[in-house]
>>> print(open('input.tsv').read())   # TSV, C-alpha atoms
chain	number	residue	atom	x	y	z
Z	2	MET	CA	0.00	0.00	0.00
Z	3	ALA	CA	2.84	2.37	0.84
Z	4	MET	CA	4.38	1.70	-2.58
Z	5	ALA	CA	1.05	2.41	-4.27
Z	6	THR	CA	0.66	5.64	-2.33
Z	7	SER	CA	4.21	6.63	-3.24
Z	8	ALA	CA	3.52	5.93	-6.92
Z	9	ILE	CA	0.39	8.09	-6.82
Z	10	SER	CA	2.29	10.89	-5.11
Z	11	SER	CA	5.04	10.71	-7.74
Z	12	THR	CA	2.47	10.87	-10.54
Z	13	GLN	CA	0.77	13.86	-8.96
Z	14	ALA	CA	4.15	15.58	-8.58
Z	15	LEU	CA	4.95	15.02	-12.24
Z	16	GLU	CA	1.53	16.30	-13.26
Z	17	SER	CA	1.99	19.44	-11.15
Z	18	GLN	CA	5.36	20.06	-12.82
Z	19	ASP	CA	3.57	20.11	-16.17
Z	20	ILE	CA	1.12	22.82	-15.07
Z	21	ALA	CA	2.04	26.26	-16.41
Z	22	ILE	CA	-0.93	28.26	-15.08
Z	23	GLN	CA	-3.32	27.28	-12.30
Z	24	VAL	CA	-6.17	29.64	-11.44
Z	25	ASP	CA	-8.68	28.68	-8.76
Z	26	ASN	CA	-11.96	30.42	-7.95
Z	27	LEU	CA	-10.85	33.83	-9.19
Z	28	HIS	CA	-13.10	36.77	-8.38
Z	29	LYS	CA	-12.71	40.38	-9.45
Z	30	SER	CA	-14.99	43.28	-8.63
Z	31	PHE	CA	-14.83	46.93	-9.57
Z	32	GLY	CA	-16.80	48.54	-6.77
Z	33	SER	CA	-20.22	46.91	-6.78
Z	34	LEU	CA	-19.69	45.41	-10.26
Z	35	GLU	CA	-18.54	41.78	-10.08
Z	36	VAL	CA	-16.73	41.05	-13.34
Z	37	LEU	CA	-15.27	37.62	-12.52
Z	38	LYS	CA	-17.37	35.25	-10.44
Z	39	GLY	CA	-15.19	32.31	-9.51
Z	40	VAL	CA	-13.23	31.39	-12.63
Z	41	SER	CA	-10.92	28.37	-12.47
Z	42	LEU	CA	-8.55	27.29	-15.23
Z	43	THR	CA	-5.56	24.99	-15.63
Z	44	ALA	CA	-3.13	25.29	-18.54
Z	45	GLN	CA	-0.53	22.59	-19.02
Z	46	LYS	CA	2.83	23.44	-20.50
Z	47	GLY	CA	2.45	23.63	-24.27
Z	48	ASP	CA	-1.30	24.29	-24.15
Z	49	VAL	CA	-2.87	26.96	-26.30
Z	50	VAL	CA	-6.00	28.09	-24.45
Z	51	ALA	CA	-8.38	30.30	-26.40
Z	52	ILE	CA	-10.72	32.40	-24.27
Z	53	ILE	CA	-13.85	33.54	-26.08
Z	54	GLY	CA	-17.03	35.36	-25.13
Z	55	GLY	CA	-19.02	38.49	-25.72
Z	56	SER	CA	-18.10	42.02	-24.76
Z	57	GLY	CA	-18.14	42.45	-20.98
Z	58	SER	CA	-17.82	38.72	-20.25
Z	59	GLY	CA	-14.59	39.25	-18.29
Z	60	LYS	CA	-12.06	37.85	-20.80
Z	61	SER	CA	-9.51	40.66	-20.68
Z	62	THR	CA	-9.96	41.18	-16.95
Z	63	PHE	CA	-9.20	37.51	-16.37
Z	64	LEU	CA	-6.01	37.75	-18.39
Z	65	ARG	CA	-4.91	40.95	-16.65
Z	66	CYS	CA	-5.48	39.40	-13.22
Z	67	ILE	CA	-3.07	36.58	-14.00
Z	68	ASN	CA	-0.09	38.95	-14.11
Z	69	PHE	CA	-1.62	41.40	-11.63
Z	70	LEU	CA	-2.19	44.26	-14.03
Z	71	GLU	CA	-5.53	44.06	-12.23
Z	72	THR	CA	-5.63	43.02	-8.58
Z	73	PRO	CA	-7.95	40.05	-8.01
Z	74	THR	CA	-10.59	40.39	-5.31
Z	75	SER	CA	-10.02	36.79	-4.20
Z	76	GLY	CA	-8.90	33.41	-5.46
Z	77	SER	CA	-5.48	31.90	-6.13
Z	78	ILE	CA	-3.02	31.98	-9.02
Z	79	SER	CA	0.05	29.80	-9.55
Z	80	VAL	CA	2.64	30.15	-12.31
Z	81	ASN	CA	4.85	27.14	-13.04
Z	82	GLY	CA	3.97	25.70	-9.66
Z	83	GLU	CA	4.72	28.86	-7.68
Z	84	LYS	CA	1.66	30.18	-5.88
Z	85	ILE	CA	1.37	33.95	-5.74
Z	86	GLU	CA	1.04	35.01	-2.13
Z	87	MET	CA	-2.05	37.17	-1.72
Z	88	ARG	CA	-3.62	39.06	1.15
Z	89	SER	CA	-7.27	38.59	2.07
Z	90	ASP	CA	-8.25	41.42	-0.31
Z	91	GLY	CA	-6.45	39.76	-3.22
Z	92	SER	CA	-3.50	42.14	-3.31
Z	93	PRO	CA	-0.01	40.60	-3.52
Z	94	ARG	CA	1.96	40.20	-0.30
Z	95	ASP	CA	5.33	40.50	-2.02
Z	96	ARG	CA	5.80	42.89	-4.94
Z	97	ARG	CA	9.18	41.34	-5.65
Z	98	GLN	CA	7.49	38.00	-6.23
Z	99	ILE	CA	5.14	39.67	-8.74
Z	100	GLU	CA	8.04	41.33	-10.52
Z	101	ARG	CA	9.88	38.02	-10.73
Z	102	ILE	CA	6.85	36.12	-11.99
Z	103	ARG	CA	6.15	38.80	-14.58
Z	104	THR	CA	9.49	37.95	-16.16
Z	105	ARG	CA	8.00	34.51	-16.89
Z	106	LEU	CA	4.79	35.96	-18.32
Z	107	ALA	CA	4.75	38.08	-21.45
Z	108	MET	CA	1.63	39.96	-22.44
Z	109	VAL	CA	0.72	41.22	-25.90
Z	110	PHE	CA	-1.93	43.93	-25.81
Z	111	GLN	CA	-4.55	44.83	-28.37
Z	112	SER	CA	-3.18	48.38	-28.59
Z	113	PHE	CA	0.48	47.27	-29.10
Z	114	ASN	CA	1.83	49.43	-26.20
Z	115	LEU	CA	5.16	50.06	-27.93
Z	116	TRP	CA	7.29	52.98	-26.78
Z	117	THR	CA	6.71	55.41	-29.62
Z	118	HIS	CA	9.92	57.41	-29.01
Z	119	ARG	CA	12.12	54.34	-29.41
Z	120	THR	CA	13.00	52.24	-32.42
Z	121	LEU	CA	11.78	48.66	-32.72
Z	122	LEU	CA	15.21	47.41	-31.70
Z	123	GLU	CA	15.19	49.64	-28.62
Z	124	ASN	CA	11.68	48.44	-27.75
Z	125	VAL	CA	12.75	44.80	-27.89
Z	126	ILE	CA	15.94	45.18	-25.81
Z	127	GLU	CA	14.44	47.43	-23.10
Z	128	VAL	CA	13.32	44.77	-20.61
Z	129	PRO	CA	16.18	42.30	-21.18
Z	130	VAL	CA	18.78	45.06	-20.63
Z	131	HIS	CA	17.19	47.14	-17.87
Z	132	VAL	CA	15.16	44.53	-15.97
Z	133	LEU	CA	16.85	41.18	-16.62
Z	134	LYS	CA	20.34	42.74	-16.81
Z	135	VAL	CA	21.24	40.97	-20.05
Z	136	PRO	CA	24.42	42.45	-21.58
Z	137	ARG	CA	23.43	45.02	-24.19
Z	138	ALA	CA	25.35	43.40	-27.05
Z	139	GLU	CA	23.74	40.04	-26.29
Z	140	ALA	CA	20.26	41.62	-26.10
Z	141	ILE	CA	20.76	43.39	-29.43
Z	142	GLU	CA	21.85	40.19	-31.13
Z	143	ARG	CA	18.81	38.37	-29.75
Z	144	ALA	CA	16.47	41.25	-30.71
Z	145	LYS	CA	17.65	41.20	-34.32
Z	146	VAL	CA	16.94	37.46	-34.49
Z	147	LEU	CA	13.46	37.98	-33.06
Z	148	LEU	CA	12.61	40.89	-35.36
Z	149	ASP	CA	13.73	38.82	-38.33
Z	150	ARG	CA	11.60	35.96	-37.05
Z	151	VAL	CA	8.43	38.09	-37.13
Z	152	GLY	CA	9.30	39.50	-40.56
Z	153	LEU	CA	10.68	42.84	-39.39
Z	154	GLY	CA	14.41	42.32	-39.75
Z	155	ASP	CA	14.67	45.33	-42.04
Z	156	LYS	CA	12.70	47.59	-39.65
Z	157	ALA	CA	14.96	47.42	-36.58
Z	158	GLU	CA	15.77	51.15	-36.71
Z	159	ALA	CA	12.23	52.25	-37.59
Z	160	PHE	CA	9.95	54.01	-35.12
Z	161	PRO	CA	6.49	52.54	-34.44
Z	162	SER	CA	4.62	55.52	-35.91
Z	163	PHE	CA	6.09	54.73	-39.35
Z	164	LEU	CA	4.74	51.18	-39.33
Z	165	SER	CA	1.36	49.62	-40.03
Z	166	GLY	CA	-0.72	48.24	-37.18
Z	167	GLY	CA	0.16	44.70	-38.20
Z	168	GLN	CA	3.87	45.50	-38.14
Z	169	GLN	CA	3.55	47.15	-34.75
Z	170	GLN	CA	1.77	44.12	-33.33
Z	171	ARG	CA	4.42	41.79	-34.73
Z	172	ALA	CA	7.05	44.02	-33.10
Z	173	ALA	CA	5.12	43.74	-29.81
Z	174	ILE	CA	5.26	39.95	-30.12
Z	175	ALA	CA	9.02	40.13	-30.69
Z	176	ARG	CA	9.32	42.30	-27.57
Z	177	ALA	CA	7.31	39.73	-25.58
Z	178	LEU	CA	9.56	36.92	-26.81
Z	179	ALA	CA	12.69	38.82	-25.79
Z	180	VAL	CA	12.27	37.77	-22.14
Z	181	ASP	CA	11.98	34.10	-23.17
Z	182	PRO	CA	8.67	33.73	-21.31
Z	183	SER	CA	7.27	30.44	-20.07
Z	184	VAL	CA	3.72	31.67	-20.79
Z	185	MET	CA	2.47	34.21	-23.33
Z	186	LEU	CA	-0.77	36.12	-22.75
Z	187	PHE	CA	-2.52	37.62	-25.78
Z	188	ASP	CA	-5.34	40.11	-25.19
Z	189	GLU	CA	-7.31	40.44	-28.43
Z	190	PRO	CA	-4.09	40.84	-30.45
Z	191	THR	CA	-5.90	41.53	-33.74
Z	192	SER	CA	-8.90	43.60	-32.59
Z	193	ALA	CA	-7.23	46.95	-33.33
Z	194	LEU	CA	-6.09	45.91	-36.81
Z	195	ASP	CA	-7.60	46.55	-40.20
Z	196	PRO	CA	-8.96	43.27	-41.64
Z	197	GLU	CA	-6.21	42.99	-44.25
Z	198	LEU	CA	-3.54	43.05	-41.51
Z	199	VAL	CA	-5.04	40.39	-39.25
Z	200	GLY	CA	-3.58	37.45	-41.15
Z	201	GLU	CA	0.05	38.49	-40.78
Z	202	VAL	CA	-0.26	38.63	-36.97
Z	203	LEU	CA	-2.18	35.35	-36.73
Z	204	THR	CA	0.53	33.66	-38.82
Z	205	VAL	CA	3.16	34.63	-36.25
Z	206	ILE	CA	0.98	33.39	-33.36
Z	207	ARG	CA	0.27	30.17	-35.24
Z	208	ASP	CA	4.01	29.57	-35.64
Z	209	LEU	CA	4.53	30.10	-31.90
Z	210	ALA	CA	1.80	27.59	-31.14
Z	211	ALA	CA	3.47	25.07	-33.46
Z	212	GLU	CA	6.66	25.45	-31.39
Z	213	GLY	CA	4.81	24.23	-28.31
Z	214	ARG	CA	4.69	27.57	-26.49
Z	215	THR	CA	2.18	27.89	-23.69
Z	216	MET	CA	-0.33	30.59	-24.57
Z	217	LEU	CA	-3.55	32.05	-23.22
Z	218	LEU	CA	-5.29	33.88	-26.02
Z	219	VAL	CA	-8.32	36.13	-25.71
Z	220	THR	CA	-9.66	36.33	-29.24
Z	221	HIS	CA	-12.69	36.97	-31.38
Z	222	GLU	CA	-11.16	35.05	-34.31
Z	223	MET	CA	-13.23	31.88	-34.04
Z	224	LYS	CA	-11.73	30.09	-37.04
Z	225	PHE	CA	-8.24	30.70	-35.69
Z	226	ALA	CA	-9.22	29.49	-32.21
Z	227	ARG	CA	-10.71	26.34	-33.68
Z	228	GLU	CA	-7.60	25.56	-35.73
Z	229	VAL	CA	-4.84	26.51	-33.27
Z	230	ALA	CA	-6.15	26.11	-29.70
Z	231	SER	CA	-5.82	22.89	-27.73
Z	232	HIS	CA	-8.53	24.02	-25.32
Z	233	VAL	CA	-11.29	26.63	-25.57
Z	234	VAL	CA	-13.01	28.46	-22.71
Z	235	TYR	CA	-16.30	30.32	-23.23
Z	236	LEU	CA	-16.94	33.03	-20.64
Z	237	PHE	CA	-20.39	34.45	-20.01
Z	238	GLU	CA	-20.97	37.21	-17.47
Z	239	GLY	CA	-17.80	36.41	-15.54
Z	240	GLN	CA	-18.20	32.65	-15.36
Z	241	ILE	CA	-17.11	29.71	-17.48
Z	242	GLU	CA	-20.23	28.64	-19.30
Z	243	GLU	CA	-18.55	25.86	-21.26
Z	244	GLN	CA	-15.04	24.63	-22.04
Z	245	GLY	CA	-13.35	21.77	-23.84
Z	246	PRO	CA	-11.46	20.77	-26.98
Z	247	PRO	CA	-12.15	23.12	-29.93
Z	248	ALA	CA	-13.73	20.41	-32.10
Z	249	GLU	CA	-16.22	19.68	-29.33
Z	250	LEU	CA	-16.92	23.27	-28.34
Z	251	PHE	CA	-17.37	24.57	-31.88
Z	252	GLY	CA	-18.76	21.40	-33.41
Z	253	ASN	CA	-21.20	20.34	-30.71
Z	254	PRO	CA	-21.78	23.13	-28.16
Z	255	LYS	CA	-23.97	22.09	-25.26
Z	256	SER	CA	-24.78	25.52	-23.87
Z	257	ALA	CA	-27.62	27.42	-25.49
Z	258	ARG	CA	-25.74	30.65	-24.80
Z	259	LEU	CA	-22.64	29.35	-26.57
Z	260	LYS	CA	-24.72	28.21	-29.53
Z	261	GLN	CA	-26.23	31.69	-29.79
Z	262	PHE	CA	-22.80	33.33	-29.43
Z	263	LEU	CA	-21.30	31.22	-32.19
Z	264	GLN	CA	-24.24	32.00	-34.48
Z	265	THR	CA	-23.73	35.70	-33.79
Z	266	VAL	CA	-19.99	35.75	-34.49
Z	267	GLY	CA	-20.02	33.04	-37.16
>>> encode(input="input.tsv", output="structure tokens")
Amino acid sequence: MAMATSAISSTQALESQDIAIQVDNLHKSFGSLEVLKGVSLTAQKGDVVAIIGGSGSGKSTFLRCINFLETPTSGSISVNGEKIEMRSDGSPRDRRQIERIRTRLAMVFQSFNLWTHRTLLENVIEVPVHVLKVPRAEAIERAKVLLDRVGLGDKAEAFPSFLSGGQQQRAAIARALAVDPSVMLFDEPTSALDPELVGEVLTVIRDLAAEGRTMLLVTHEMKFAREVASHVVYLFEGQIEEQGPPAELFGNPKSARLKQFLQTVG
């Protein structure tokens, strides 16, 4: 019996090592408005989790709570097995822990959030040099590789204002990759783009997924979510209404709300 118990414990330990993000019973309120009402989610390493839902369902808030751009009201969050220590009001006990964990999480915003007064190269090397203390020459070499990877190798000295929205978003992805994150968070990465520019950004994200990168992706691109995600979560009014493999969720939705949502966006 002891051997059996030991085997189970070892299996559970291995499984826990494979968990990239663990969120349990997450709540978030803005004053009297409760935006997240007990959301729980587990992402294994290498998972691509697409988070879908209507406007106001809590998708972006959920993503922002994971790296504490928004302070959760309650619940628990673990990144690569490390639980973030939180006070009773959801605020972090140790800001240094948050800063350290943020170096493992990279977020790509819908509005790019590039520093407009710096070139693309300078944008990409900023955090590695000034936060992670990577030698400047090493960071520059890495940045050039990343910019080339997203199709912007010839734009390293360009300023964001001289680029299209699609180019700026690809540069933002290169900047996110510069910290070599264990998890990438995408918050509607194509929503601010003109339709003809969406494809170039989705191609880059698709390539990252093919590499086995762990990603949480808030998106309204249903076809992309169906093709690329390993797991899909449908949020409705701050709660998970339905979740599962994309073929199941899109092909045979059980929730009437999800069926209606897919008809609306499809």
>>> axis_aligned_box(input="input.tsv", around="range 109-116 of chain Z", padding_each_side="3 Å", output="lines of an AutoDock Vina configuration file")
center_x = 1.4
center_y = 47.1
center_z = -27.5
size_x = 17.8
size_y = 17.8
size_z = 9.3
>>> residues_near_point(input="input.tsv", point="(-22.6, 41.0, -13.4)", cutoff="9 Å", atoms="all atoms listed in the file", output="CSV table (one decimal) with C-alpha atoms, in the coordinates of the input")
chain,number,residue,atom,x,y,z
Z,34,LEU,CA,-19.7,45.4,-10.3
Z,35,GLU,CA,-18.5,41.8,-10.1
Z,36,VAL,CA,-16.7,41.0,-13.3
Z,37,LEU,CA,-15.3,37.6,-12.5
Z,38,LYS,CA,-17.4,35.2,-10.4
Z,57,GLY,CA,-18.1,42.4,-21.0
Z,58,SER,CA,-17.8,38.7,-20.2
Z,238,GLU,CA,-21.0,37.2,-17.5
Z,239,GLY,CA,-17.8,36.4,-15.5
>>> residues_around(input="input.tsv", residues="Leu259 in chain Z", least_positions_apart="3", cutoff="8 Å", atoms="only C-alpha atoms", output="list of chain:residue names")
Z:Tyr235, Z:Glu242, Z:Glu243, Z:Pro254, Z:Lys255, Z:Ser256, Z:Phe262, Z:Leu263
>>> closest_residue(input="input.tsv", among="Z:Val130, Z:Val109, Z:Ala159, Z:Leu115", to="Ser61 in chain Z", atoms="all atoms listed in the file")
Z:Val109
>>> residues_around(input="input.tsv", residues="Asn68 in chain Z", least_positions_apart="3", cutoff="9 Å", atoms="all atoms listed in the file", output="VMD selection string")
chain Z and resid 64 to 65 71 to 72 99 102 to 103 106 to 108
